[in-house]
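Novice: Provided below: protein-v4.txt, containing compact mmCIF, C-alpha atoms.
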# COMPACT_ATOMS: atom_id res chain seq x y z
CA MET A 1063 -162.65 -238.91 -1.33
CA SER A 1064 -165.12 -241.48 0.05
CA LEU A 1065 -168.54 -240.34 1.20
CA LYS A 1066 -167.67 -241.36 4.76
CA LEU A 1067 -164.54 -239.17 4.73
CA GLN A 1068 -166.48 -236.36 3.10
CA ILE A 1069 -169.13 -236.38 5.88
CA VAL A 1070 -166.47 -236.39 8.58
CA ALA A 1071 -164.59 -233.56 6.85
CA VAL A 1072 -167.70 -231.41 6.51
CA ILE A 1073 -168.57 -231.93 10.19
CA ALA A 1074 -164.99 -231.17 11.22
CA SER A 1075 -164.93 -227.96 9.14
CA LEU A 1076 -168.23 -226.81 10.61
CA ALA A 1077 -166.96 -227.63 14.10
CA LEU A 1078 -163.83 -225.55 13.43
CA LEU A 1079 -165.91 -222.58 12.24
CA LEU A 1080 -168.18 -222.88 15.27
CA PHE A 1081 -165.15 -223.09 17.58
CA ILE A 1082 -163.61 -219.95 16.05
CA PHE A 1083 -166.93 -218.15 16.38
CA GLU A 1084 -167.20 -219.18 20.04
CA MET A 1085 -163.67 -217.99 20.77
CA VAL A 1086 -164.45 -214.60 19.26
CA ARG A 1087 -167.74 -214.42 21.17
CA LYS A 1088 -165.97 -215.18 24.46
CA LYS A 1089 -163.26 -212.64 23.56
CA LYS A 1090 -160.56 -215.30 23.63
CA LEU A 1091 -159.70 -214.53 20.03
CA LYS A 1092 -159.56 -211.03 18.61
CA GLU A 1093 -161.72 -210.23 15.62
CA ASN A 1094 -158.76 -209.18 13.51
CA TYR A 1095 -156.99 -212.51 14.06
CA SER A 1096 -160.26 -214.45 13.67
CA LEU A 1097 -160.67 -213.29 10.09
CA THR A 1098 -157.79 -215.44 8.85
CA TRP A 1099 -159.11 -218.45 10.73
CA PHE A 1100 -162.63 -218.00 9.39
CA LEU A 1101 -161.10 -218.04 5.92
CA VAL A 1102 -159.16 -221.19 6.76
CA GLY A 1103 -162.34 -222.84 8.13
CA ALA A 1104 -164.32 -221.81 5.07
CA GLY A 1105 -161.54 -223.20 2.87
CA PHE A 1106 -161.73 -226.54 4.69
CA LEU A 1107 -165.50 -226.60 4.23
CA LEU A 1108 -165.20 -225.92 0.49
CA LEU A 1109 -162.53 -228.59 0.13
CA SER A 1110 -164.61 -231.18 1.94
CA LEU A 1111 -167.73 -230.35 -0.07
CA PHE A 1112 -166.16 -230.05 -3.51
CA GLY A 1113 -162.82 -231.78 -3.05
CA ASN A 1114 -163.67 -234.36 -5.68
CA HIS A 1115 -164.12 -231.73 -8.36
CA LEU A 1116 -160.91 -229.80 -7.78
CA GLY A 1117 -158.64 -231.79 -10.07
CA GLY A 1118 -157.88 -228.60 -11.99
CA LEU A 1119 -156.28 -227.12 -8.87
CA ALA A 1120 -153.61 -229.81 -9.05
CA ALA A 1121 -153.33 -229.99 -12.81
CA PHE A 1122 -152.66 -226.27 -13.14
CA PHE A 1123 -149.21 -226.56 -11.56
CA GLY A 1124 -148.70 -230.09 -12.87
CA PHE A 1125 -149.36 -232.03 -9.65
CA THR A 1126 -150.42 -235.60 -10.45
CA LEU A 1127 -152.27 -236.03 -7.17
CA LEU A 1128 -154.78 -233.54 -5.77
CA SER A 1129 -153.69 -234.49 -2.23
CA ASN A 1130 -150.11 -233.43 -3.01
CA ALA A 1131 -151.32 -230.13 -4.38
CA ILE A 1132 -153.46 -229.49 -1.31
CA ILE A 1133 -150.59 -230.32 1.04
CA VAL A 1134 -148.25 -227.93 -0.75
CA TYR A 1135 -150.86 -225.16 -0.79
CA ALA A 1136 -151.61 -225.78 2.89
CA ILE A 1137 -147.94 -225.61 3.89
CA PHE A 1138 -147.60 -222.35 1.99
CA LEU A 1139 -150.66 -220.92 3.69
CA LEU A 1140 -149.42 -222.03 7.12
CA LEU A 1141 -146.04 -220.40 6.55
CA ILE A 1142 -147.76 -217.12 5.73
CA LEU A 1143 -149.93 -217.43 8.84
CA ILE A 1144 -146.87 -218.08 11.00
CA LEU A 1145 -145.08 -215.10 9.52
CA GLY A 1146 -148.13 -213.00 10.39
CA LEU A 1147 -147.92 -214.27 13.95
CA SER A 1148 -144.19 -213.42 14.18
CA ILE A 1149 -145.04 -209.90 13.07
CA ALA A 1150 -147.81 -209.72 15.69
CA VAL A 1151 -145.40 -210.99 18.37
CA THR A 1152 -142.86 -208.34 17.39
CA ARG A 1153 -145.46 -205.62 17.75
CA ILE A 1154 -146.53 -206.94 21.13
CA SER A 1155 -142.96 -207.28 22.41
CA ASN A 1156 -142.28 -203.69 21.36
CA LEU A 1157 -145.31 -202.62 23.34
CA ALA A 1158 -144.19 -204.68 26.35
CA GLN A 1159 -140.73 -203.12 26.09
CA THR A 1160 -142.05 -199.56 26.17
CA LEU A 1161 -144.50 -200.33 28.95
CA THR A 1162 -141.82 -201.98 31.08
CA GLN A 1163 -139.45 -199.07 30.62
CA GLU A 1164 -142.07 -196.45 31.38
CA THR A 1165 -143.31 -198.35 34.45
CA ALA A 1166 -139.76 -198.59 35.77
CA LEU A 1167 -139.07 -194.90 35.15
CA LEU A 1168 -142.36 -193.85 36.77
CA LYS A 1169 -141.72 -196.07 39.78
CA GLN A 1170 -138.28 -194.53 40.16
CA ARG A 1171 -139.76 -191.03 40.14
CA LEU A 1172 -142.43 -192.02 42.61
CA ASP A 1173 -139.89 -193.56 45.00
CA GLU A 1174 -137.81 -190.40 44.75
CA GLN A 1175 -140.86 -188.22 45.44
CA GLU A 1176 -141.80 -190.29 48.47
CA LYS A 1177 -138.28 -190.00 49.80
CA THR A 1178 -138.31 -186.19 49.56
CA ASP A 1179 -141.79 -186.07 51.10
CA GLU A 1180 -140.59 -188.16 54.04
CA THR A 1181 -137.61 -185.89 54.63
CA LYS A 1182 -139.90 -182.85 54.56
CA THR A 1183 -142.28 -184.39 57.10
CA GLU A 1184 -139.37 -185.26 59.36
CA ASN A 1185 -138.12 -181.69 59.21
CA GLU A 1186 -141.47 -180.17 60.14
CA MET B 866 -117.13 -179.78 30.73
CA ALA B 867 -117.00 -179.34 34.49
CA SER B 868 -120.45 -177.82 34.85
CA LYS B 869 -121.99 -180.41 32.57
CA LYS B 870 -123.80 -183.35 34.07
CA THR B 871 -122.62 -186.89 33.38
CA ALA B 872 -124.76 -189.94 34.18
CA VAL B 873 -123.11 -193.29 34.74
CA LEU B 874 -125.52 -195.95 33.51
CA VAL B 875 -124.98 -199.38 35.03
CA PRO B 876 -127.24 -202.10 33.61
CA CYS B 877 -127.41 -205.09 35.97
CA PHE B 878 -128.86 -208.55 35.78
CA ASN B 879 -128.02 -210.58 38.88
CA GLU B 880 -124.74 -208.80 39.59
CA GLU B 881 -124.66 -209.11 43.41
CA THR B 882 -121.08 -210.46 43.33
CA ALA B 883 -119.52 -207.61 41.38
CA LEU B 884 -121.80 -204.72 42.20
CA PRO B 885 -120.64 -203.67 45.70
CA GLU B 886 -117.04 -203.18 44.58
CA LEU B 887 -118.07 -201.47 41.34
CA LEU B 888 -120.39 -199.04 43.13
CA ALA B 889 -117.74 -198.27 45.73
CA GLU B 890 -115.29 -197.45 42.92
CA LEU B 891 -117.85 -195.34 41.07
CA LEU B 892 -118.82 -193.48 44.25
CA SER B 893 -115.20 -192.48 44.78
CA LYS B 894 -115.33 -190.64 41.42
CA PHE B 895 -118.96 -189.63 40.94
CA SER B 896 -121.82 -188.29 43.02
CA ALA B 897 -124.45 -190.87 44.00
CA LYS B 898 -127.02 -188.72 42.21
CA THR B 899 -125.39 -189.37 38.87
CA ILE B 900 -124.91 -193.14 39.18
CA VAL B 901 -127.91 -194.94 37.73
CA VAL B 902 -128.28 -198.67 38.30
CA ILE B 903 -130.78 -200.19 35.90
CA ASN B 904 -131.85 -203.45 37.46
CA ASP B 905 -133.03 -205.70 34.65
CA GLY B 906 -135.38 -207.88 36.69
CA SER B 907 -132.64 -209.44 38.84
CA THR B 908 -133.67 -212.25 41.17
CA ASP B 909 -130.74 -211.76 43.55
CA SER B 910 -129.90 -208.90 45.90
CA THR B 911 -128.81 -206.50 43.12
CA PRO B 912 -131.52 -203.89 43.88
CA LYS B 913 -130.82 -204.05 47.63
CA ILE B 914 -127.12 -203.44 47.05
CA ALA B 915 -127.88 -200.46 44.81
CA SER B 916 -130.30 -198.96 47.37
CA ALA B 917 -127.81 -199.48 50.15
CA HIS B 918 -125.22 -197.47 48.22
CA GLY B 919 -127.68 -194.62 47.79
CA VAL B 920 -127.39 -194.51 44.00
CA LYS B 921 -130.31 -193.97 41.63
CA LEU B 922 -132.11 -197.25 41.04
CA ILE B 923 -134.46 -198.08 38.17
CA ASN B 924 -136.12 -201.47 38.56
CA LEU B 925 -137.43 -203.09 35.41
CA PRO B 926 -140.28 -205.29 36.69
CA VAL B 927 -139.23 -208.19 34.44
CA ASN B 928 -136.02 -209.25 32.71
CA MET B 929 -135.99 -207.55 29.30
CA GLY B 930 -132.41 -207.94 28.18
CA ILE B 931 -129.44 -205.58 28.06
CA GLY B 932 -130.71 -203.47 25.15
CA VAL B 933 -133.98 -202.56 26.83
CA ALA B 934 -132.22 -201.93 30.16
CA MET B 935 -129.64 -199.71 28.49
CA GLN B 936 -132.29 -197.72 26.66
CA THR B 937 -134.16 -197.21 29.94
CA GLY B 938 -130.96 -195.62 31.24
CA TYR B 939 -130.72 -193.34 28.22
CA ARG B 940 -134.35 -192.30 28.67
CA TYR B 941 -133.60 -191.49 32.30
CA ALA B 942 -130.53 -189.49 31.30
CA LEU B 943 -132.50 -187.53 28.70
CA ARG B 944 -135.43 -186.72 30.98
CA ASN B 945 -133.19 -185.67 33.85
CA GLY B 946 -131.14 -183.26 31.80
CA PHE B 947 -127.84 -185.09 31.62
CA ASP B 948 -125.34 -183.86 29.04
CA TYR B 949 -123.27 -187.03 28.93
CA ALA B 950 -123.91 -190.67 29.65
CA VAL B 951 -121.34 -193.35 30.39
CA GLN B 952 -122.27 -196.99 29.92
CA CYS B 953 -120.56 -199.19 32.47
CA ASP B 954 -121.36 -202.90 32.76
CA GLY B 955 -122.53 -204.15 36.14
CA ASP B 956 -120.19 -207.15 36.09
CA GLY B 957 -117.12 -205.18 37.08
CA GLN B 958 -115.14 -205.56 33.85
CA HIS B 959 -115.13 -201.82 33.26
CA ARG B 960 -113.04 -199.67 35.56
CA ALA B 961 -114.49 -196.60 37.19
CA ASP B 962 -111.07 -194.93 37.20
CA GLU B 963 -110.92 -195.24 33.40
CA ILE B 964 -114.09 -193.27 32.72
CA ILE B 965 -111.82 -190.25 32.74
CA LEU B 966 -110.05 -191.76 29.69
CA LEU B 967 -113.34 -191.80 27.78
CA LYS B 968 -113.97 -188.22 28.82
CA LYS B 969 -110.51 -187.10 27.72
CA ALA B 970 -110.86 -188.86 24.39
CA MET B 971 -114.21 -187.18 23.87
CA GLU B 972 -112.70 -183.75 24.53
CA ALA B 973 -109.68 -184.47 22.35
CA THR B 974 -111.51 -185.90 19.34
CA GLY B 975 -114.80 -184.00 19.51
CA ALA B 976 -116.56 -187.31 18.95
CA ASP B 977 -120.22 -187.79 19.81
CA MET B 978 -119.47 -191.19 21.28
CA VAL B 979 -116.28 -192.75 22.57
CA VAL B 980 -115.83 -196.50 22.82
CA GLY B 981 -113.44 -197.87 25.42
CA SER B 982 -111.40 -200.43 23.52
CA ARG B 983 -109.36 -203.44 24.52
CA PHE B 984 -107.67 -203.63 21.14
CA VAL B 985 -106.59 -200.19 20.00
CA ASP B 986 -103.40 -200.09 22.03
CA LYS B 987 -101.61 -203.40 22.21
CA ASN B 988 -99.46 -202.12 25.07
CA VAL B 989 -102.34 -201.69 27.48
CA ALA B 990 -102.31 -204.60 29.84
CA GLY B 991 -105.42 -206.30 31.07
CA PHE B 992 -107.96 -208.84 30.07
CA LYS B 993 -108.27 -209.16 26.30
CA SER B 994 -110.98 -211.80 25.97
CA TYR B 995 -110.82 -215.32 24.56
CA ILE B 996 -109.63 -216.25 21.08
CA ALA B 997 -113.04 -217.31 19.74
CA ARG B 998 -114.64 -214.16 20.99
CA ARG B 999 -111.85 -212.03 19.57
CA ALA B 1000 -112.38 -213.65 16.18
CA VAL B 1001 -116.08 -212.78 16.35
CA ILE B 1002 -115.30 -209.20 17.34
CA ARG B 1003 -112.85 -208.95 14.43
CA TYR B 1004 -115.49 -210.28 12.06
CA LEU B 1005 -118.12 -207.82 13.31
CA SER B 1006 -115.59 -205.02 13.07
CA LEU B 1007 -115.02 -205.92 9.40
CA ILE B 1008 -118.76 -206.01 8.70
CA ILE B 1009 -119.22 -202.60 10.32
CA ASN B 1010 -116.33 -201.30 8.26
CA ALA B 1011 -117.95 -202.73 5.12
CA VAL B 1012 -121.36 -201.16 5.73
CA THR B 1013 -120.27 -197.81 7.17
CA GLY B 1014 -116.66 -197.32 6.16
CA MET B 1015 -115.64 -196.62 9.74
CA LYS B 1016 -112.90 -198.46 11.58
CA ILE B 1017 -113.81 -199.46 15.11
CA TYR B 1018 -111.98 -202.41 16.61
CA ASP B 1019 -113.72 -203.27 19.87
CA VAL B 1020 -117.25 -203.15 18.48
CA THR B 1021 -118.78 -205.21 21.29
CA SER B 1022 -117.32 -203.11 24.08
CA GLY B 1023 -120.08 -201.89 26.38
CA PHE B 1024 -117.80 -199.28 27.96
CA ARG B 1025 -118.85 -196.09 26.20
CA MET B 1026 -119.45 -192.43 26.68
CA ALA B 1027 -122.15 -190.56 24.79
CA ASN B 1028 -123.00 -186.89 24.40
CA LYS B 1029 -126.46 -185.36 24.39
CA LYS B 1030 -127.11 -185.94 20.69
CA VAL B 1031 -126.46 -189.64 21.20
CA ILE B 1032 -128.54 -189.75 24.39
CA GLU B 1033 -131.47 -188.32 22.42
CA ILE B 1034 -131.12 -190.89 19.66
CA PHE B 1035 -130.67 -193.87 21.99
CA ALA B 1036 -133.63 -192.81 24.15
CA GLU B 1037 -135.79 -193.14 21.04
CA ASN B 1038 -134.13 -196.00 19.30
CA TYR B 1039 -131.78 -198.64 20.69
CA PRO B 1040 -131.14 -202.19 19.44
CA PHE B 1041 -132.43 -204.94 21.72
CA ASP B 1042 -130.45 -208.22 21.76
CA TYR B 1043 -126.64 -207.82 21.81
CA PRO B 1044 -127.00 -204.13 20.98
CA GLU B 1045 -123.43 -202.80 21.02
CA PRO B 1046 -122.32 -203.32 17.38
CA GLU B 1047 -125.69 -202.24 15.96
CA ALA B 1048 -125.70 -199.09 18.09
CA LEU B 1049 -122.51 -197.98 16.29
CA VAL B 1050 -124.10 -198.35 12.86
CA LEU B 1051 -127.20 -196.56 14.11
CA LEU B 1052 -125.13 -193.53 15.10
CA LYS B 1053 -123.31 -193.60 11.78
CA ASN B 1054 -126.70 -193.29 10.06
CA TYR B 1055 -127.05 -189.95 11.84
CA ARG B 1056 -123.56 -188.99 10.63
CA LEU B 1057 -122.26 -188.79 14.17
CA LYS B 1058 -118.62 -189.18 15.01
CA ILE B 1059 -117.41 -192.21 16.94
CA ALA B 1060 -113.94 -192.46 18.44
CA GLU B 1061 -112.18 -195.32 20.17
CA THR B 1062 -109.75 -195.08 23.02
CA PRO B 1063 -107.68 -197.75 24.76
CA VAL B 1064 -108.80 -199.00 28.16
CA SER B 1065 -107.80 -202.02 30.21
CA MET B 1066 -110.76 -204.16 31.07
CA ARG B 1067 -110.84 -206.81 33.73
CA GLU B 1068 -112.22 -210.28 33.53
CA ARG B 1069 -115.77 -210.14 34.87
CA ILE B 1070 -115.92 -210.49 38.63
CA GLY B 1071 -119.32 -212.09 38.83
CA GLY B 1072 -122.27 -213.09 36.72
CA VAL B 1073 -122.05 -214.75 33.34
CA SER B 1074 -121.55 -213.25 29.90
CA SER B 1075 -124.69 -212.48 27.99
CA ILE B 1076 -123.21 -214.63 25.24
CA GLY B 1077 -122.91 -218.33 26.06
CA PHE B 1078 -121.08 -220.77 23.83
CA LEU B 1079 -124.24 -222.28 22.35
CA ASN B 1080 -125.67 -218.87 21.55
CA GLY B 1081 -122.58 -217.98 19.57
CA VAL B 1082 -123.92 -218.87 16.14
CA TYR B 1083 -127.26 -217.20 16.82
CA TYR B 1084 -125.34 -214.16 18.00
CA ILE B 1085 -123.23 -213.89 14.85
CA VAL B 1086 -126.16 -214.34 12.48
CA LYS B 1087 -128.51 -212.04 14.40
CA VAL B 1088 -125.96 -209.25 14.68
CA THR B 1089 -124.90 -209.56 11.03
CA ILE B 1090 -128.52 -209.20 9.89
CA GLY B 1091 -129.00 -206.40 12.42
CA LEU B 1092 -125.98 -204.48 11.14
CA ALA B 1093 -127.06 -204.66 7.52
CA VAL B 1094 -130.69 -203.82 8.26
CA THR B 1095 -129.77 -200.98 10.62
CA ARG B 1096 -127.60 -199.44 7.91
CA LEU B 1097 -130.36 -199.75 5.30
CA ARG B 1098 -132.98 -198.42 7.68
CA GLY B 1099 -131.34 -195.01 7.83
CA THR B 1100 -132.60 -192.49 10.35
CA ASN B 1101 -136.30 -193.23 10.50
What would you get if you wrote out this structure as structure tokens?
Specialist:
Amino acid sequence: MSLKLQIVAVIASLALLLFIFEMVRKKKLKENYSLTWFLVGAGFLLLSLFGNHLGGLAAFFGFTLLSNAIIVYAIFLLLILILGLSIAVTRISNLAQTLTQETALLKQRLDEQEKTDETKTENE
Amino acid sequence: MASKKTAVLVPCFNEETALPELLAELLSKFSAKTIVVINDGSTDSTPKIASAHGVKLINLPVNMGIGVAMQTGYRYALRNGFDYAVQCDGDGQHRADEIILLKKAMEATGADMVVGSRFVDKNVAGFKSYIARRAVIRYLSLIINAVTGMKIYDVTSGFRMANKKVIEIFAENYPFDYPEPEALVLLKNYRLKIAETPVSMRERIGGVSSIGFLNGVYYIVKVTIGLAVTRLRGTN
């Protein structure tokens, strides 16, 4: 990794961390989801700082190029993150389902109640 | 059975074409108080038609799919003390005058749920669905037989009658997308008895099937996974 690339990578990693922090501060990202992304940002930062000394990371599984190793690891990590999101979406859609059903049932009861109230008033 | 209350659950998504006739037929057999239209976020005049007929109307604020709509109906049935629930599609393919057949089969077999079937009796006339769809139904029927040991032919039929035990289970737990085959396996997990009785369905009057041609593959894969997982999940 050239020095130029290294400087850009460090700045980009710091920017990512700052962005995640800002999102959490503005409540646009929940703390529990931010944790993963802080880890990802920290990982980027470590890679950009010490990337040149991580040959062992590749050699361990027999990768000839560090870049190949990093790409494979990154894809694996991303797949896990996406799976986590699918699980989160499932939970949210279950919540939405229950809420929708309960709203509809409540509304039906309310309408019914109003109808009986009206008839009563008319009769008085 | 006479003193027991039966709810007719009619899930509807944009069924303005078929609904008036269906409701008129249902009203000739059942009291308006027991007919429950579950409007699954329709954008047409479905809710207006239901109101105009004086039947019970539950409006889901957004379109959630047939499974969620159906379960809303079961929750309604449970909370309003119904002893039986009949599922009757809003598209007019199920006949109000054949609900009595489900009821009779339930009395005769003592089953917890009765499925109105297009395939049990080859002599019953009426619409029997397209070849591709029949092949899929046959396949699903085989899978259900493999995982539960029970023989049900028309596993995708949405024309069903359920007793209170089933109402309680479905109010808590009902499959979402394309729920009919999975619902059968779910009941089997609770060791409930399911019977099948011949009915003669019509080709849908209005609306479109929930299963388009392109969704076919997704449907088969999703339901196959669903059947296996439902069986493994047991009763929790």
Novice: Show which residues sit within 7 Å of Val1012 (chain B), as a list in words. Count all atoms listed in the file, and ignore same-chain residues fewer than 3 positions away.
Specialist: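 Selected residues are Ile1008, Ile1009, Ala1093 and Arg1096 of chain B.
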Novice: Please compute the CA of Ala1060 (chain B)-CA of Arg1025 (chain B) distance, one decimal, in Å.
Specialist: 9.9 Å
Novice: Quick one: pull the distance between CA of Met935 (chain B) and CA of Leu1161 (chain A), Å, one decimal.
Specialist: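 According to the coordinates, CA of Met935 (chain B) and CA of Leu1161 (chain A) are separated by 14.9 Å.
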Novice: Tell me, as a list in words, which residues lie within 12 Å of Leu1097 (chain A), counting all atoms listed in the file; anything in the same chain fewer than 3 positions away does not count.
Specialist: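 In the requested form, the answer reads Leu1079, Ile1082, Phe1083, Val1086, Leu1091, Lys1092, Glu1093, Asn1094, Phe1100, Leu1101, Val1102, Gly1103, Ala1104 and Leu1143 of chain A.
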Novice: Per residue of chain A within 10 Å of chain B, what are the shortest atom pair and its distance in Å to one decimal, counting all atoms listed in the file, with rows by chain and residue number, as a tab-separated table?
Specialist:
residue	atom	partner	partner_atom	distance
A:Ser1155	CA	B:Met929	CA	9.8
A:Asn1156	CA	B:Phe1041	CA	9.9
A:Ala1158	CA	B:Met929	CA	9.2
A:Gln1159	CA	B:Val933	CA	6.8
A:Thr1160	CA	B:Val933	CA	8.6
A:Leu1161	CA	B:Leu925	CA	10.0
A:Thr1162	CA	B:Leu925	CA	6.3
A:Gln1163	CA	B:Thr937	CA	5.6
A:Glu1164	CA	B:Thr937	CA	8.1
A:Thr1165	CA	B:Leu925	CA	7.6
A:Ala1166	CA	B:Leu925	CA	5.1
A:Leu1167	CA	B:Ile923	CA	6.4
A:Leu1168	CA	B:Ile923	CA	9.1
A:Lys1169	CA	B:Ile923	CA	7.7
A:Gln1170	CA	B:Ile923	CA	5.6
A:Arg1171	CA	B:Ile923	CA	9.0
A:Asp1173	CA	B:Leu922	CA	9.5
A:Glu1174	CA	B:Lys921	CA	8.9
Novice: Tell me which protein, DNA and RNA residues are within 10 Å of region 956-961 of chain B, counting all atoms listed in the file, leaving out same-chain ones fewer than 4 positions away, and put them as an NGL selection string.
Specialist: :B and (873 or 875-895 or 952 or 965-966 or 981 or 992 or 1022-1025 or 1064-1074)
Novice: Can I get the selection written as a compact mmCIF listing (two decimals), in the coordinates of the input, with C-alpha atoms?
Specialist:
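Result written to again-v8.txt:
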# COMPACT_ATOMS: atom_id res chain seq x y z
CA VAL B 873 -123.11 -193.29 34.74
CA VAL B 875 -124.98 -199.38 35.03
CA PRO B 876 -127.24 -202.10 33.61
CA CYS B 877 -127.41 -205.09 35.97
CA PHE B 878 -128.86 -208.55 35.78
CA ASN B 879 -128.02 -210.58 38.88
CA GLU B 880 -124.74 -208.80 39.59
CA GLU B 881 -124.66 -209.11 43.41
CA THR B 882 -121.08 -210.46 43.33
CA ALA B 883 -119.52 -207.61 41.38
CA LEU B 884 -121.80 -204.72 42.20
CA PRO B 885 -120.64 -203.67 45.70
CA GLU B 886 -117.04 -203.18 44.58
CA LEU B 887 -118.07 -201.47 41.34
CA LEU B 888 -120.39 -199.04 43.13
CA ALA B 889 -117.74 -198.27 45.73
CA GLU B 890 -115.29 -197.45 42.92
CA LEU B 891 -117.85 -195.34 41.07
CA LEU B 892 -118.82 -193.48 44.25
CA SER B 893 -115.20 -192.48 44.78
CA LYS B 894 -115.33 -190.64 41.42
CA PHE B 895 -118.96 -189.63 40.94
CA GLN B 952 -122.27 -196.99 29.92
CA ILE B 965 -111.82 -190.25 32.74
CA LEU B 966 -110.05 -191.76 29.69
CA GLY B 981 -113.44 -197.87 25.42
CA PHE B 992 -107.96 -208.84 30.07
CA SER B 1022 -117.32 -203.11 24.08
CA GLY B 1023 -120.08 -201.89 26.38
CA PHE B 1024 -117.80 -199.28 27.96
CA ARG B 1025 -118.85 -196.09 26.20
CA VAL B 1064 -108.80 -199.00 28.16
CA SER B 1065 -107.80 -202.02 30.21
CA MET B 1066 -110.76 -204.16 31.07
CA ARG B 1067 -110.84 -206.81 33.73
CA GLU B 1068 -112.22 -210.28 33.53
CA ARG B 1069 -115.77 -210.14 34.87
CA ILE B 1070 -115.92 -210.49 38.63
CA GLY B 1071 -119.32 -212.09 38.83
CA GLY B 1072 -122.27 -213.09 36.72
CA VAL B 1073 -122.05 -214.75 33.34
CA SER B 1074 -121.55 -213.25 29.90
Novice: Skipping near chain neighbours, those fewer than 4 positions away, what residues fall within 7 Å of region 1068-1072 of chain A using all atoms listed in the file, listed as a short mmCIF file (atom, residue, chain, number, x, y, z; two decimals) with C-alpha atoms, in the coordinates of the input?
Specialist:
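The new file around-v7.cif reads:
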data_model
loop_
_atom_site.label_atom_id
_atom_site.label_comp_id
_atom_site.auth_asym_id
_atom_site.auth_seq_id
_atom_site.Cartn_x
_atom_site.Cartn_y
_atom_site.Cartn_z
CA MET A 1063 -162.65 -238.91 -1.33
CA SER A 1064 -165.12 -241.48 0.05
CA LEU A 1076 -168.23 -226.81 10.61
CA LEU A 1107 -165.50 -226.60 4.23
CA SER A 1110 -164.61 -231.18 1.94
CA LEU A 1111 -167.73 -230.35 -0.07
#
Novice: For a test of reading the model, state the distance in Å between CA of Asp948 (chain B) and CA of Lys1029 (chain B), rounded to one decimal.
Specialist: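 Separation of CA of Asp948 (chain B) and CA of Lys1029 (chain B): 5.0 Å.
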Novice: For a quick check of understanding, using all atoms listed in the file, which of B:Gly955, B:Arg983, B:Asn1038, B:Lys1053 has the smallest distance to Thr911 (chain B)?
Specialist: B:Gly955
Novice: Would you kindly identify which residues have an atom no farther than 7 Å from (-114.5, -207.4, 19.4), using only C-alpha atoms and the file's own coordinates, and write them out as a JSON list (two decimals) with C-alpha atoms, in the coordinates of the input?
Specialist:
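Okay, this is what ended up in out.json:
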[["chain", "number", "residue", "atom", "x", "y", "z"],
["B", 998, "ARG", "CA", -114.64, -214.16, 20.99],
["B", 999, "ARG", "CA", -111.85, -212.03, 19.57],
["B", 1001, "VAL", "CA", -116.08, -212.78, 16.35],
["B", 1002, "ILE", "CA", -115.30, -209.20, 17.34],
["B", 1003, "ARG", "CA", -112.85, -208.95, 14.43],
["B", 1006, "SER", "CA", -115.59, -205.02, 13.07],
["B", 1018, "TYR", "CA", -111.98, -202.41, 16.61],
["B", 1019, "ASP", "CA", -113.72, -203.27, 19.87],
["B", 1020, "VAL", "CA", -117.25, -203.15, 18.48],
["B", 1021, "THR", "CA", -118.78, -205.21, 21.29],
["B", 1022, "SER", "CA", -117.32, -203.11, 24.08]]
Novice: Give me the residues near Arg1056 (chain B) as a list in words, where near means some atom within 10 Å (using only C-alpha atoms) and where sequence neighbours in that chain fewer than 4 positions away do not count.
Specialist: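 Residues meeting the cut-off are Asp977, Val1050, Leu1051, Leu1052 and Thr1100 of chain B.
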